[in-house]
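Here's entry.pdb, which has PDB, C-alpha atoms:
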ATOM      1  CA  MET A   2      84.469 114.473 237.201
ATOM      2  CA  THR A   3      86.128 117.545 235.725
ATOM      3  CA  VAL A   4      89.187 117.135 233.527
ATOM      4  CA  LEU A   5      91.138 120.187 232.375
ATOM      5  CA  VAL A   6      93.404 119.999 229.350
ATOM      6  CA  THR A   7      96.086 122.564 228.560
ATOM      7  CA  GLU A   8      98.693 122.683 225.819
ATOM      8  CA  ARG A   9     100.936 120.175 227.627
ATOM      9  CA  LEU A  10      99.033 118.998 230.685
ATOM     10  CA  ARG A  11      95.977 117.103 231.800
ATOM     11  CA  LEU A  12      94.471 117.981 235.197
ATOM     12  CA  ARG A  13      92.157 115.377 236.678
ATOM     13  CA  SER A  14      90.786 114.083 239.952
ATOM     14  CA  ALA A  15      93.045 112.069 242.217
ATOM     15  CA  ARG A  16      92.697 108.293 242.391
ATOM     16  CA  PRO A  17      94.264 105.546 244.541
ATOM     17  CA  GLY A  18      96.697 104.631 241.772
ATOM     18  CA  ASP A  19      98.415 108.007 242.247
ATOM     19  CA  LEU A  20      99.895 106.891 245.572
ATOM     20  CA  ALA A  21     103.386 105.954 244.353
ATOM     21  CA  ALA A  22     103.780 109.118 242.264
ATOM     22  CA  PHE A  23     102.730 111.364 245.138
ATOM     23  CA  HIS A  24     104.864 109.523 247.640
ATOM     24  CA  ALA A  25     107.871 110.125 245.388
ATOM     25  CA  ILE A  26     107.040 113.856 245.336
ATOM     26  CA  LEU A  27     105.998 114.312 248.969
ATOM     27  CA  SER A  28     108.951 112.351 250.361
ATOM     28  CA  ASP A  29     111.423 114.414 248.310
ATOM     29  CA  VAL A  30     113.321 116.973 250.426
ATOM     30  CA  GLU A  31     113.739 119.354 247.496
ATOM     31  CA  ALA A  32     110.081 119.177 246.395
ATOM     32  CA  THR A  33     108.787 119.810 249.935
ATOM     33  CA  ARG A  34     111.264 122.549 250.908
ATOM     34  CA  TYR A  35     108.402 125.085 251.088
ATOM     35  CA  TRP A  36     105.535 122.630 251.618
ATOM     36  CA  SER A  37     103.269 122.760 254.668
ATOM     37  CA  THR A  38     104.711 119.539 256.125
ATOM     38  CA  PRO A  39     108.142 117.931 256.288
ATOM     39  CA  PRO A  40     108.844 115.237 253.674
ATOM     40  CA  HIS A  41     106.626 112.207 254.110
ATOM     41  CA  ARG A  42     108.312 109.420 256.071
ATOM     42  CA  ASP A  43     106.308 106.499 254.733
ATOM     43  CA  LEU A  44     103.689 105.428 252.243
ATOM     44  CA  GLU A  45     100.933 105.472 254.870
ATOM     45  CA  GLN A  46     101.430 109.199 255.463
ATOM     46  CA  THR A  47     101.068 109.799 251.727
ATOM     47  CA  ARG A  48      98.022 107.496 251.575
ATOM     48  CA  ILE A  49      96.283 109.622 254.244
ATOM     49  CA  TRP A  50      97.185 112.792 252.321
ATOM     50  CA  LEU A  51      95.911 111.322 249.033
ATOM     51  CA  ASP A  52      92.700 110.106 250.682
ATOM     52  CA  SER A  53      92.036 113.639 251.931
ATOM     53  CA  MET A  54      92.612 115.006 248.424
ATOM     54  CA  MET A  55      90.201 112.466 246.945
ATOM     55  CA  SER A  56      87.499 113.234 249.506
ATOM     56  CA  ILE A  57      87.333 117.032 249.254
ATOM     57  CA  PRO A  58      83.647 118.017 249.399
ATOM     58  CA  ALA A  59      82.688 119.971 246.265
ATOM     59  CA  ASP A  60      81.509 122.916 248.345
ATOM     60  CA  GLU A  61      84.909 123.135 250.077
ATOM     61  CA  GLY A  62      87.377 122.958 247.188
ATOM     62  CA  VAL A  63      88.602 121.304 244.025
ATOM     63  CA  ASP A  64      92.066 119.847 243.586
ATOM     64  CA  PHE A  65      93.681 118.307 240.528
ATOM     65  CA  VAL A  66      96.413 115.823 239.783
ATOM     66  CA  VAL A  67      98.723 117.306 237.161
ATOM     67  CA  GLU A  68      99.716 114.857 234.417
ATOM     68  CA  LEU A  69     102.413 115.308 231.801
ATOM     69  CA  ALA A  70     102.436 112.680 229.025
ATOM     70  CA  GLY A  71     100.253 110.414 231.200
ATOM     71  CA  GLU A  72     102.499 110.657 234.278
ATOM     72  CA  ALA A  73     101.341 112.288 237.527
ATOM     73  CA  ILE A  74     103.890 115.027 238.233
ATOM     74  CA  GLY A  75     102.100 116.989 240.959
ATOM     75  CA  LYS A  76      98.944 118.723 242.047
ATOM     76  CA  ALA A  77      97.331 122.119 241.606
ATOM     77  CA  GLY A  78      94.062 123.434 242.907
ATOM     78  CA  PHE A  79      92.073 124.417 245.926
ATOM     79  CA  TYR A  80      92.136 121.936 248.798
ATOM     80  CA  ARG A  81      89.930 124.395 250.691
ATOM     81  CA  TRP A  82      88.410 127.601 249.312
ATOM     82  CA  PRO A  83      89.792 130.090 248.523
ATOM     83  CA  GLU A  84      93.456 129.074 248.900
ATOM     84  CA  VAL A  85      95.298 127.758 245.866
ATOM     85  CA  GLY A  86      98.100 125.268 246.380
ATOM     86  CA  PHE A  87     100.483 123.427 244.121
ATOM     87  CA  ILE A  88     103.486 121.144 244.117
ATOM     88  CA  LEU A  89     105.376 119.551 241.257
ATOM     89  CA  ALA A  90     108.101 116.940 241.133
ATOM     90  CA  PRO A  91     111.517 118.625 240.788
ATOM     91  CA  LYS A  92     112.059 116.909 237.426
ATOM     92  CA  ALA A  93     109.160 119.042 236.101
ATOM     93  CA  TRP A  94     110.549 122.367 237.328
ATOM     94  CA  GLY A  95     111.792 125.161 235.108
ATOM     95  CA  ARG A  96     109.511 124.538 232.123
ATOM     96  CA  GLY A  97     106.493 126.690 233.014
ATOM     97  CA  LEU A  98     104.402 123.637 233.916
ATOM     98  CA  ALA A  99     103.407 124.948 237.351
ATOM     99  CA  ARG A 100     102.222 128.201 235.821
ATOM    100  CA  GLU A 101     100.257 126.269 233.189
ATOM    101  CA  ALA A 102      98.660 123.997 235.801
ATOM    102  CA  VAL A 103      97.843 126.683 238.364
ATOM    103  CA  GLY A 104      96.552 128.977 235.625
ATOM    104  CA  ALA A 105      94.218 126.232 234.399
ATOM    105  CA  ALA A 106      92.920 125.546 237.921
ATOM    106  CA  VAL A 107      92.368 129.244 238.642
ATOM    107  CA  ASP A 108      90.677 129.779 235.290
ATOM    108  CA  HIS A 109      88.383 126.824 235.939
ATOM    109  CA  VAL A 110      87.206 127.975 239.370
ATOM    110  CA  PHE A 111      86.625 131.542 238.212
ATOM    111  CA  ARG A 112      84.888 130.488 234.986
ATOM    112  CA  GLU A 113      82.620 128.119 236.912
ATOM    113  CA  GLY A 114      81.899 130.734 239.601
ATOM    114  CA  LEU A 115      83.235 128.503 242.368
ATOM    115  CA  THR A 116      84.940 131.391 244.172
ATOM    116  CA  GLU A 117      85.261 135.145 243.698
ATOM    117  CA  VAL A 118      88.826 135.325 244.997
ATOM    118  CA  ALA A 119      91.839 133.030 245.016
ATOM    119  CA  THR A 120      94.389 133.418 247.791
ATOM    120  CA  ALA A 121      97.846 132.002 248.460
ATOM    121  CA  ASP A 122     100.084 131.678 251.518
ATOM    122  CA  VAL A 123     103.745 131.495 250.449
ATOM    123  CA  ASP A 124     107.035 131.178 252.313
ATOM    124  CA  PRO A 125     108.945 134.442 251.638
ATOM    125  CA  GLU A 126     111.961 132.372 250.586
ATOM    126  CA  ASN A 127     109.979 130.562 247.873
ATOM    127  CA  LEU A 128     110.836 132.968 245.080
ATOM    128  CA  PRO A 129     109.740 130.719 242.186
ATOM    129  CA  SER A 130     106.219 130.413 243.624
ATOM    130  CA  ILE A 131     106.049 134.138 244.309
ATOM    131  CA  ARG A 132     107.048 134.885 240.703
ATOM    132  CA  LEU A 133     104.512 132.359 239.407
ATOM    133  CA  LEU A 134     101.674 133.926 241.385
ATOM    134  CA  GLU A 135     102.655 137.439 240.315
ATOM    135  CA  ARG A 136     102.778 136.363 236.648
ATOM    136  CA  LEU A 137      99.243 135.041 237.031
ATOM    137  CA  GLY A 138      98.092 138.415 238.397
ATOM    138  CA  PHE A 139      98.070 137.713 242.138
ATOM    139  CA  GLU A 140      98.874 140.737 244.286
ATOM    140  CA  ARG A 141     100.575 140.710 247.647
ATOM    141  CA  THR A 142      98.076 141.520 250.396
ATOM    142  CA  GLY A 143     100.143 141.102 253.564
ATOM    143  CA  SER A 144     102.587 139.097 255.585
ATOM    144  CA  ALA A 145     102.948 137.484 258.978
ATOM    145  CA  GLU A 146     105.757 135.984 261.016
ATOM    146  CA  ARG A 147     105.934 132.502 262.515
ATOM    147  CA  THR A 148     102.775 131.207 260.863
ATOM    148  CA  TRP A 149     103.870 127.626 260.127
ATOM    149  CA  ASN A 150     105.850 125.262 262.318
ATOM    150  CA  ILE A 151     107.250 122.708 259.915
ATOM    151  CA  GLY A 152     109.356 120.005 261.496
ATOM    152  CA  GLY A 153     110.144 122.222 264.474
ATOM    153  CA  VAL A 154     111.150 125.239 262.359
ATOM    154  CA  TRP A 155     108.999 128.355 262.286
ATOM    155  CA  LYS A 156     108.254 129.802 258.845
ATOM    156  CA  ASP A 157     106.781 133.151 257.847
ATOM    157  CA  SER A 158     104.053 133.832 255.288
ATOM    158  CA  LEU A 159     103.444 136.228 252.436
ATOM    159  CA  TYR A 160      99.799 136.476 251.447
ATOM    160  CA  PHE A 161      98.527 136.962 247.907
ATOM    161  CA  ALA A 162      95.093 137.351 246.343
ATOM    162  CA  LEU A 163      93.554 137.420 242.888
ATOM    163  CA  THR A 164      89.960 138.410 242.240
ATOM    164  CA  ARG A 165      87.783 136.916 239.560
ATOM    165  CA  ASP A 166      87.424 140.379 237.963
ATOM    166  CA  ARG A 167      91.201 140.943 237.884
ATOM    167  CA  TRP A 168      91.652 137.489 236.311
ATOM    168  CA  ALA A 169      89.052 138.275 233.633
ATOM    169  CA  ALA A 170      90.671 141.666 232.884
ATOM    170  CA  ARG A 171      94.167 140.227 232.337
ATOM    171  CA  ILE A 172      93.518 139.459 228.664
TER
END

Would you write the structure of this file as structure tokens?
Amino acid sequence: MTVLVTERLRLRSARPGDLAAFHAILSDVEATRYWSTPPHRDLEQTRIWLDSMMSIPADEGVDFVVELAGEAIGKAGFYRWPEVGFILAPKAWGRGLAREAVGAAVDHVFREGLTEVATADVDPENLPSIRLLERLGFERTGSAERTWNIGGVWKDSLYFALTRDRWAARI
């Protein structure tokens, strides 16, 4: 079980006890504004989501719970290779924690040789996530219209990618 430690965060595997924390995040309208599903309606929906996070086969991805001072505040990682994904509770926004968490996850997968490229699919309106990815060295590779139907509303996508070599050269 891999645990990543940054200056302020601890990234670890998900466990059943994370259910309440993730339900609070995934049922929050603000937190899920650009998420791939509408806010979770009930605890069972979050339980299914958490179970899928806990059962990711190692050859398909690696996802981490993000902890700040022992509290689960979100997730960052690769649910399925090579796409990175992340979400944090709104109370954790604006402090660089997402960048710290995503950077740690990306560094881990590149350092361990788990993938040669990291990709991201971002709603064009999600400017904070776009800025975060660009600060980490991701480059925009394309776009598409009407790629996600979330709660009956079509959303577009901007695509980003970061190679292992580009990550290594950033220093």

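All polymer residues at most 10 Å from (106.1, 108.2, 243.0), using only C-alpha atoms, appear as Asp19, Leu20, Ala21, Ala22, Phe23, His24, Ala25, Ile26, Leu27, Ser28, Asp29, Leu44, Glu72, Ala73, Ile74, Gly75 and Ala90 of chain A.
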
Using 10 Å as the limit and counting only C-alpha atoms, can you tabulate each residue of range 73-132 of chain A that touches range 145-153 of chain A, with its shortest atom-to-atom distance in Å and the two atoms involved, as a tab-separated table?
residue	atom	partner	partner_atom	distance
A:Asp122	CA	A:Thr148	CA	9.7
A:Asp124	CA	A:Trp149	CA	9.1
A:Pro125	CA	A:Ala145	CA	10.0

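Once the PyMOL selection byres ((chain A and resi 94) around 12) is applied to this file, the selection holds Glu31, Ala32, Ile74, Gly75, Ile88, Leu89, Ala90, Pro91, Lys92, Ala93, Gly95, Arg96, Gly97, Leu98, Ala99, Arg100, Glu101, Pro129, Ser130 and Leu133 of chain A.
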
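This file, queried with the PyMOL selection byres ((chain A and resi 5) around 9), gives the residues A:Thr3, A:Val4, A:Val6, A:Thr7, A:Leu10, A:Arg11, A:Leu12, A:Arg13, A:Phe65, A:Ala105, A:Ala106, A:His109.
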
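Going from CA of Val67 in chain A to CA of Ala170 in chain A covers 26.0 Å.
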
Taking the file as shown, find all residues satisfying the PyMOL selection byres ((chain A and resi 51) around 10) and write them as a PDB file with C-alpha atoms, in the coordinates of the input.
ATOM      1  CA  ALA A  15      93.045 112.069 242.217  1.00  0.00           C
ATOM      2  CA  ARG A  16      92.697 108.293 242.391  1.00  0.00           C
ATOM      3  CA  PRO A  17      94.264 105.546 244.541  1.00  0.00           C
ATOM      4  CA  GLY A  18      96.697 104.631 241.772  1.00  0.00           C
ATOM      5  CA  ASP A  19      98.415 108.007 242.247  1.00  0.00           C
ATOM      6  CA  LEU A  20      99.895 106.891 245.572  1.00  0.00           C
ATOM      7  CA  PHE A  23     102.730 111.364 245.138  1.00  0.00           C
ATOM      8  CA  HIS A  24     104.864 109.523 247.640  1.00  0.00           C
ATOM      9  CA  GLU A  45     100.933 105.472 254.870  1.00  0.00           C
ATOM     10  CA  GLN A  46     101.430 109.199 255.463  1.00  0.00           C
ATOM     11  CA  THR A  47     101.068 109.799 251.727  1.00  0.00           C
ATOM     12  CA  ARG A  48      98.022 107.496 251.575  1.00  0.00           C
ATOM     13  CA  ILE A  49      96.283 109.622 254.244  1.00  0.00           C
ATOM     14  CA  TRP A  50      97.185 112.792 252.321  1.00  0.00           C
ATOM     15  CA  ASP A  52      92.700 110.106 250.682  1.00  0.00           C
ATOM     16  CA  SER A  53      92.036 113.639 251.931  1.00  0.00           C
ATOM     17  CA  MET A  54      92.612 115.006 248.424  1.00  0.00           C
ATOM     18  CA  MET A  55      90.201 112.466 246.945  1.00  0.00           C
ATOM     19  CA  SER A  56      87.499 113.234 249.506  1.00  0.00           C
TER      20      SER A  56
END

Which is closest to Ile131 in chain A among A:Ala59, A:Val103, A:Leu159, A:Leu69, if we use only C-alpha atoms? A:Leu159

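Closest to Phe111 in chain A among A:Pro40, A:Gly71, A:Pro83, A:Gly143 is A:Pro83, based on all atoms listed in the file.
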
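Atom pair CA of Thr38 in chain A / CA of Thr164 in chain A: separated by 27.7 Å.
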